[in-house]
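Read through the structure below, which is laid out as structure tokens, and then see the notes.
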Amino acid sequence: MFRMKSEGLKDALEQLDQARQDHADWHEDLIGKLLCCSPSEARQHPDSGHRHCRLGRWYHERAPAELRAHPSFAALGAEHQRLHALGAALLEAASRGEKVSRTCYEELATASSKLRLELDSLRHEIQAAIAQSDTLTGAYDRSALLPELREWHELVKRGVQRCGLAFMDLDRFKEVNDTYGHRIGDEVLAGAAQCIARHLRPYDKLFRYGGDEFLILLPAVDLVSGRTVIERVRRTLASTTLARGAGGIQIGTTGSFGLAMLDPSVPVEESVDRGDTALLLAKGAGRNRVVIWDPAVETQRSFRGLEIGAGQS
């Protein structure tokens, strides 16, 4: 997921649009040099290095850190570097007076198309994130949750991938609103979401389920590795200042978490309910802890040693 609010996403989108235009200009200039210039002019082409063209300078120097963390950003860089390697080889051949072959030209055209595809793919992901993001917290909106879960559920059913989910909410959040007011409460809520997002993996997703409740989607985990991720989030949240009140007072909160796996044998809604059940147990046990769902919690309402990272909020 993208670790930024809508404003940051919109700014990143503008930068990406400019990067696409910069690439188009570079490509047009390169083709002109290859087809129309003398060998000496080909040697003088200024943008043969993938770090020195305008797109490259944006990619390596100015692109937002939150965008760099996204998997598609790395794919974009790899295609860009490959394209420049092809362009440099063709310019070198042109500087020796060699004619550009049809095969080499088509290879360059294919590489350029792949780069544009990566740019467009990243652009569409940003646009989708803007459309699906919660205005206050920057997390994905609840409307995007079920479609995402159902896609992963199909992968789980086919044995392609495992996927976990963690239901969470902020502990005693009503007390924050009652004590400091709703403006500070909103700051705490937004700060908590940003804190959580920063400490998830690049391919995890945070959804605002409603109020101070969130759901974290955890692809490619089992209960052990999923617990490791969520426990890291829990500890960090508990030690982070999320807002400041009058006189600079530091305001924070803790979170309770219920962890479950997407079960291929039941509807996704039931897997979500399991996470919610484990969350209720975490809160009932004193908050600021992670509880893993187990069939025993449905029948005995007990932890059976599944409690992790206990701590009073």
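The chains in the structure tokens are called A, B, ... from first to last as shown; in each chain the residues are counted from 1, and the ligands are counted from 1 in the order shown.
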What parts of segment 54-297 of chain A does DSSP call helix (DSSP H, G or I)? I'd like the answer as JSON, numbers by chain. {"A": [54, 55, 56, 57, 58, 59, 60, 61, 62, 65, 66, 67, 68, 71, 72, 73, 74, 75, 76, 77, 78, 79, 80, 81, 82, 83, 84, 85, 86, 87, 88, 89, 90, 91, 92, 93, 94, 95, 102, 103, 104, 105, 106, 107, 108, 109, 110, 111, 112, 113, 114, 115, 116, 117, 118, 119, 120, 121, 122, 123, 124, 125, 126, 127, 128, 129, 130, 131, 132, 142, 143, 144, 145, 146, 147, 148, 149, 150, 151, 152, 153, 154, 155, 156, 157, 173, 174, 175, 176, 177, 178, 179, 180, 182, 183, 184, 185, 186, 187, 188, 189, 190, 191, 192, 193, 194, 195, 196, 197, 198, 223, 224, 225, 226, 227, 228, 229, 230, 231, 232, 233, 234, 235, 236, 237, 238, 246, 247, 248, 268, 269, 270, 271, 272, 273, 274, 275, 276, 277, 278, 279, 280, 281, 282, 283, 284, 295, 296, 297]}
With C-alpha atoms kept, could you save the residues just selected as a short mmCIF file (atom, residue, chain, number, x, y, z; two decimals), in the first residue's frame?
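Contents of part00.cif, as written:
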```
data_model
loop_
_atom_site.label_atom_id
_atom_site.label_comp_id
_atom_site.auth_asym_id
_atom_site.auth_seq_id
_atom_site.Cartn_x
_atom_site.Cartn_y
_atom_site.Cartn_z
CA ARG A 54 15.03 13.88 -16.33
CA LEU A 55 13.03 10.76 -15.49
CA GLY A 56 16.13 9.22 -13.91
CA ARG A 57 16.87 12.28 -11.77
CA TRP A 58 13.28 12.26 -10.52
CA TYR A 59 13.39 8.51 -9.87
CA HIS A 60 16.70 8.47 -8.00
CA GLU A 61 16.65 11.89 -6.32
CA ARG A 62 13.20 13.40 -5.92
CA ALA A 65 10.01 8.03 -0.05
CA GLU A 66 6.53 6.53 0.33
CA LEU A 67 6.43 5.84 -3.40
CA ARG A 68 9.88 4.23 -3.31
CA PRO A 71 6.89 -2.80 -5.26
CA SER A 72 5.86 -1.26 -8.61
CA PHE A 73 8.44 1.48 -8.14
CA ALA A 74 11.29 -1.05 -8.24
CA ALA A 75 9.86 -2.61 -11.41
CA LEU A 76 9.74 0.82 -13.02
CA GLY A 77 13.41 1.41 -12.20
CA ALA A 78 14.48 -1.93 -13.66
CA GLU A 79 12.72 -1.25 -16.98
CA HIS A 80 14.14 2.27 -17.13
CA GLN A 81 17.69 1.04 -16.61
CA ARG A 82 17.24 -1.67 -19.25
CA LEU A 83 15.92 0.86 -21.77
CA HIS A 84 18.90 3.13 -21.26
CA ALA A 85 21.30 0.24 -21.70
CA LEU A 86 19.72 -0.49 -25.08
CA GLY A 87 19.78 3.19 -26.03
CA ALA A 88 23.44 3.53 -25.07
CA ALA A 89 24.37 0.48 -27.15
CA LEU A 90 22.55 1.87 -30.19
CA LEU A 91 24.17 5.29 -29.78
CA GLU A 92 27.56 3.66 -29.57
CA ALA A 93 26.87 1.77 -32.79
CA ALA A 94 25.63 4.96 -34.46
CA SER A 95 28.80 6.80 -33.39
CA ARG A 102 15.26 -3.22 -37.72
CA THR A 103 15.67 -5.84 -34.99
CA CYS A 104 17.52 -3.42 -32.70
CA TYR A 105 14.97 -0.68 -33.33
CA GLU A 106 12.08 -3.02 -32.51
CA GLU A 107 13.84 -4.12 -29.33
CA LEU A 108 14.17 -0.49 -28.29
CA ALA A 109 10.51 0.18 -29.12
CA THR A 110 9.44 -2.85 -27.05
CA ALA A 111 11.53 -1.71 -24.08
CA SER A 112 10.05 1.77 -24.31
CA SER A 113 6.53 0.32 -24.38
CA LYS A 114 7.27 -1.77 -21.30
CA LEU A 115 8.50 1.31 -19.47
CA ARG A 116 5.35 3.23 -20.38
CA LEU A 117 3.31 0.23 -19.19
CA GLU A 118 5.10 0.32 -15.81
CA LEU A 119 4.49 4.06 -15.54
CA ASP A 120 0.82 3.63 -16.43
CA SER A 121 0.44 0.69 -14.04
CA LEU A 122 1.87 2.71 -11.15
CA ARG A 123 -0.30 5.66 -12.15
CA HIS A 124 -3.46 3.52 -12.11
CA GLU A 125 -2.54 2.10 -8.70
CA ILE A 126 -2.17 5.62 -7.32
CA GLN A 127 -5.48 6.69 -8.86
CA ALA A 128 -7.20 3.65 -7.33
CA ALA A 129 -5.63 4.39 -3.94
CA ILE A 130 -6.90 7.99 -4.12
CA ALA A 131 -10.40 6.80 -4.96
CA GLN A 132 -10.40 4.18 -2.22
CA ARG A 142 -13.90 -0.08 3.88
CA SER A 143 -15.59 -0.23 0.46
CA ALA A 144 -12.34 -1.65 -0.97
CA LEU A 145 -12.03 -4.36 1.68
CA LEU A 146 -14.32 -7.18 0.53
CA PRO A 147 -13.19 -7.14 -3.13
CA GLU A 148 -9.57 -7.33 -1.95
CA LEU A 149 -10.29 -10.13 0.50
CA ARG A 150 -12.17 -12.13 -2.12
CA GLU A 151 -9.26 -11.89 -4.56
CA TRP A 152 -6.91 -13.25 -1.89
CA HIS A 153 -9.46 -15.86 -0.88
CA GLU A 154 -9.36 -17.29 -4.41
CA LEU A 155 -5.56 -17.53 -4.25
CA VAL A 156 -5.81 -19.25 -0.88
CA LYS A 157 -8.39 -21.73 -2.18
CA PHE A 173 -10.27 6.00 22.21
CA LYS A 174 -13.52 7.48 23.55
CA GLU A 175 -11.57 8.73 26.55
CA VAL A 176 -9.23 10.61 24.21
CA ASN A 177 -12.19 12.37 22.58
CA ASP A 178 -13.84 13.09 25.94
CA THR A 179 -10.64 14.44 27.49
CA TYR A 180 -9.07 16.40 24.66
CA HIS A 182 -12.64 15.54 18.75
CA ARG A 183 -10.02 17.60 16.91
CA ILE A 184 -7.25 15.99 18.96
CA GLY A 185 -9.08 12.68 18.63
CA ASP A 186 -8.91 12.99 14.85
CA GLU A 187 -5.18 13.72 15.08
CA VAL A 188 -4.67 10.64 17.22
CA LEU A 189 -6.68 8.51 14.79
CA ALA A 190 -4.76 9.78 11.77
CA GLY A 191 -1.44 9.48 13.59
CA ALA A 192 -2.19 5.92 14.61
CA ALA A 193 -3.03 4.93 11.04
CA GLN A 194 0.19 6.47 9.75
CA CYS A 195 2.22 4.78 12.49
CA ILE A 196 0.69 1.41 11.67
CA ALA A 197 1.20 1.83 7.92
CA ARG A 198 4.87 2.77 8.36
CA LEU A 223 0.22 -17.36 12.07
CA VAL A 224 3.81 -17.18 13.29
CA SER A 225 5.07 -14.63 10.75
CA GLY A 226 1.79 -12.71 10.88
CA ARG A 227 2.11 -12.48 14.65
CA THR A 228 5.63 -11.08 14.24
CA VAL A 229 4.39 -8.28 11.99
CA ILE A 230 1.45 -7.36 14.20
CA GLU A 231 3.44 -7.56 17.42
CA ARG A 232 5.93 -5.08 15.93
CA VAL A 233 3.04 -2.76 15.07
CA ARG A 234 1.55 -3.10 18.56
CA ARG A 235 4.79 -2.26 20.35
CA THR A 236 5.53 0.72 18.13
CA LEU A 237 2.03 2.14 18.44
CA ALA A 238 2.17 1.88 22.23
CA ALA A 246 -2.54 22.04 25.39
CA GLY A 247 0.87 22.90 26.83
CA GLY A 248 2.53 20.36 24.56
CA VAL A 268 -14.29 -14.32 3.78
CA GLU A 269 -16.86 -12.70 6.09
CA GLU A 270 -16.46 -15.59 8.52
CA SER A 271 -12.67 -15.16 8.55
CA VAL A 272 -13.20 -11.48 9.37
CA ASP A 273 -15.58 -12.48 12.16
CA ARG A 274 -12.88 -14.74 13.57
CA GLY A 275 -10.44 -11.85 13.69
CA ASP A 276 -13.11 -9.75 15.38
CA THR A 277 -13.74 -12.48 17.95
CA ALA A 278 -10.03 -12.65 18.78
CA LEU A 279 -9.96 -8.84 19.05
CA LEU A 280 -12.80 -8.91 21.60
CA LEU A 281 -10.84 -11.43 23.63
CA ALA A 282 -7.75 -9.22 23.48
CA LYS A 283 -9.73 -6.27 24.81
CA GLY A 284 -11.40 -8.38 27.46
CA PRO A 295 -11.62 -22.79 17.30
CA ALA A 296 -11.37 -22.94 21.08
CA VAL A 297 -12.29 -19.27 21.34
#
```
From the DSSP assignment of the backbone, select every residue of segment 84-312 of chain A that is strand (DSSP E or B), and format the answer as a PyMOL selection string. chain A and resi 133+140+163-170+205-210+213-219+243-244+250-251+255-261+290-292+307-308
Dump of N, CA and C atoms for the selected residues, as an mmCIF file, in the first residue's frame:
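File selection09.cif, as written:
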```
data_model
loop_
_atom_site.group_PDB
_atom_site.id
_atom_site.type_symbol
_atom_site.label_atom_id
_atom_site.label_comp_id
_atom_site.auth_asym_id
_atom_site.auth_seq_id
_atom_site.Cartn_x
_atom_site.Cartn_y
_atom_site.Cartn_z
ATOM 1 N N SER A 133 -9.214 5.696 -0.709
ATOM 2 C CA SER A 133 -8.599 6.036 0.572
ATOM 3 C C SER A 133 -9.565 6.794 1.479
ATOM 4 N N TYR A 140 -6.957 2.565 3.399
ATOM 5 C CA TYR A 140 -7.958 2.213 2.395
ATOM 6 C C TYR A 140 -9.348 2.270 3.022
ATOM 7 N N CYS A 163 -2.787 -16.156 3.410
ATOM 8 C CA CYS A 163 -3.065 -14.753 3.713
ATOM 9 C C CYS A 163 -3.703 -14.657 5.098
ATOM 10 N N GLY A 164 -3.226 -13.720 5.884
ATOM 11 C CA GLY A 164 -3.791 -13.484 7.196
ATOM 12 C C GLY A 164 -4.463 -12.123 7.265
ATOM 13 N N LEU A 165 -5.182 -11.897 8.335
ATOM 14 C CA LEU A 165 -5.790 -10.598 8.576
ATOM 15 C C LEU A 165 -5.781 -10.327 10.075
ATOM 16 N N ALA A 166 -5.682 -9.075 10.405
ATOM 17 C CA ALA A 166 -5.694 -8.665 11.809
ATOM 18 C C ALA A 166 -6.737 -7.580 11.991
ATOM 19 N N PHE A 167 -7.695 -7.852 12.853
ATOM 20 C CA PHE A 167 -8.690 -6.854 13.229
ATOM 21 C C PHE A 167 -8.126 -6.089 14.424
ATOM 22 N N MET A 168 -8.239 -4.773 14.433
ATOM 23 C CA MET A 168 -7.713 -4.004 15.552
ATOM 24 C C MET A 168 -8.582 -2.793 15.838
ATOM 25 N N ASP A 169 -8.526 -2.309 17.062
ATOM 26 C CA ASP A 169 -9.032 -0.970 17.339
ATOM 27 C C ASP A 169 -8.195 -0.330 18.432
ATOM 28 N N LEU A 170 -8.336 0.978 18.540
ATOM 29 C CA LEU A 170 -7.554 1.742 19.499
ATOM 30 C C LEU A 170 -8.184 1.607 20.879
ATOM 31 N N LYS A 205 -1.779 -4.206 3.599
ATOM 32 C CA LYS A 205 -2.731 -3.116 3.384
ATOM 33 C C LYS A 205 -3.510 -2.841 4.662
ATOM 34 N N LEU A 206 -3.723 -1.567 4.913
ATOM 35 C CA LEU A 206 -4.476 -1.121 6.086
ATOM 36 C C LEU A 206 -5.798 -0.532 5.627
ATOM 37 N N PHE A 207 -6.900 -1.051 6.168
ATOM 38 C CA PHE A 207 -8.241 -0.579 5.841
ATOM 39 C C PHE A 207 -8.866 0.026 7.092
ATOM 40 N N ARG A 208 -9.522 1.167 6.940
ATOM 41 C CA ARG A 208 -10.304 1.700 8.052
ATOM 42 C C ARG A 208 -11.676 1.043 8.000
ATOM 43 N N TYR A 209 -11.973 0.256 9.023
ATOM 44 C CA TYR A 209 -13.213 -0.510 9.039
ATOM 45 C C TYR A 209 -14.377 0.350 9.502
ATOM 46 N N GLY A 210 -14.088 1.280 10.380
ATOM 47 C CA GLY A 210 -15.128 2.165 10.897
ATOM 48 C C GLY A 210 -14.705 2.729 12.233
ATOM 49 N N GLU A 213 -11.693 1.450 14.367
ATOM 50 C CA GLU A 213 -11.396 0.064 14.020
ATOM 51 C C GLU A 213 -10.722 -0.005 12.653
ATOM 52 N N PHE A 214 -9.713 -0.858 12.562
ATOM 53 C CA PHE A 214 -8.986 -1.061 11.311
ATOM 54 C C PHE A 214 -8.845 -2.557 11.056
ATOM 55 N N LEU A 215 -8.653 -2.901 9.788
ATOM 56 C CA LEU A 215 -8.320 -4.272 9.423
ATOM 57 C C LEU A 215 -7.035 -4.246 8.601
ATOM 58 N N ILE A 216 -6.104 -5.102 8.973
ATOM 59 C CA ILE A 216 -4.814 -5.193 8.286
ATOM 60 C C ILE A 216 -4.781 -6.483 7.484
ATOM 61 N N LEU A 217 -4.556 -6.361 6.190
ATOM 62 C CA LEU A 217 -4.429 -7.520 5.307
ATOM 63 C C LEU A 217 -2.961 -7.914 5.231
ATOM 64 N N LEU A 218 -2.675 -9.194 5.473
ATOM 65 C CA LEU A 218 -1.294 -9.679 5.583
ATOM 66 C C LEU A 218 -1.048 -10.812 4.585
ATOM 67 N N PRO A 219 -0.710 -10.502 3.345
ATOM 68 C CA PRO A 219 -0.430 -11.562 2.371
ATOM 69 C C PRO A 219 0.838 -12.335 2.738
ATOM 70 N N ALA A 243 -0.282 12.776 19.014
ATOM 71 C CA ALA A 243 -0.768 14.159 18.951
ATOM 72 C C ALA A 243 -0.268 14.881 20.196
ATOM 73 N N ARG A 244 -0.412 16.209 20.198
ATOM 74 C CA ARG A 244 -0.020 17.015 21.361
ATOM 75 C C ARG A 244 -1.194 17.912 21.745
ATOM 76 N N GLN A 250 1.925 15.218 25.583
ATOM 77 C CA GLN A 250 2.014 14.138 24.595
ATOM 78 C C GLN A 250 0.830 13.189 24.755
ATOM 79 N N ILE A 251 0.189 12.904 23.631
ATOM 80 C CA ILE A 251 -1.002 12.055 23.654
ATOM 81 C C ILE A 251 -0.768 10.849 22.749
ATOM 82 N N GLY A 255 -3.200 -0.297 21.108
ATOM 83 C CA GLY A 255 -4.139 -0.996 20.248
ATOM 84 C C GLY A 255 -4.281 -2.444 20.656
ATOM 85 N N SER A 256 -5.462 -2.997 20.423
ATOM 86 C CA SER A 256 -5.722 -4.425 20.633
ATOM 87 C C SER A 256 -5.941 -5.073 19.274
ATOM 88 N N PHE A 257 -5.454 -6.310 19.124
ATOM 89 C CA PHE A 257 -5.432 -6.959 17.817
ATOM 90 C C PHE A 257 -5.945 -8.385 17.902
ATOM 91 N N GLY A 258 -6.741 -8.775 16.895
ATOM 92 C CA GLY A 258 -7.171 -10.161 16.750
ATOM 93 C C GLY A 258 -6.705 -10.689 15.409
ATOM 94 N N LEU A 259 -5.907 -11.744 15.425
ATOM 95 C CA LEU A 259 -5.265 -12.268 14.214
ATOM 96 C C LEU A 259 -5.929 -13.565 13.779
ATOM 97 N N ALA A 260 -6.214 -13.682 12.489
ATOM 98 C CA ALA A 260 -6.799 -14.903 11.929
ATOM 99 C C ALA A 260 -6.267 -15.104 10.521
ATOM 100 N N MET A 261 -6.404 -16.307 10.014
ATOM 101 C CA MET A 261 -6.032 -16.608 8.635
ATOM 102 C C MET A 261 -7.279 -16.592 7.749
ATOM 103 N N VAL A 290 -2.093 -8.918 21.435
ATOM 104 C CA VAL A 290 -2.502 -9.623 20.213
ATOM 105 C C VAL A 290 -3.025 -10.992 20.619
ATOM 106 N N VAL A 291 -4.161 -11.377 20.093
ATOM 107 C CA VAL A 291 -4.709 -12.714 20.319
ATOM 108 C C VAL A 291 -4.961 -13.366 18.963
ATOM 109 N N ILE A 292 -4.547 -14.607 18.848
ATOM 110 C CA ILE A 292 -4.772 -15.380 17.622
ATOM 111 C C ILE A 292 -6.077 -16.157 17.744
ATOM 112 N N GLU A 307 -2.316 -16.105 23.817
ATOM 113 C CA GLU A 307 -2.118 -14.691 24.081
ATOM 114 C C GLU A 307 -0.660 -14.333 23.846
ATOM 115 N N ILE A 308 -0.438 -13.157 23.226
ATOM 116 C CA ILE A 308 0.905 -12.732 22.894
ATOM 117 C C ILE A 308 1.100 -11.310 23.364
#
```
So the first atom is atom CA of Arg287 of chain A and the second is atom CA of Arg172 of chain A; what is the distance between them in Å, to one decimal place?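 Separating atom CA of Arg287 of chain A from atom CA of Arg172 of chain A is a distance of 9.1 Å.
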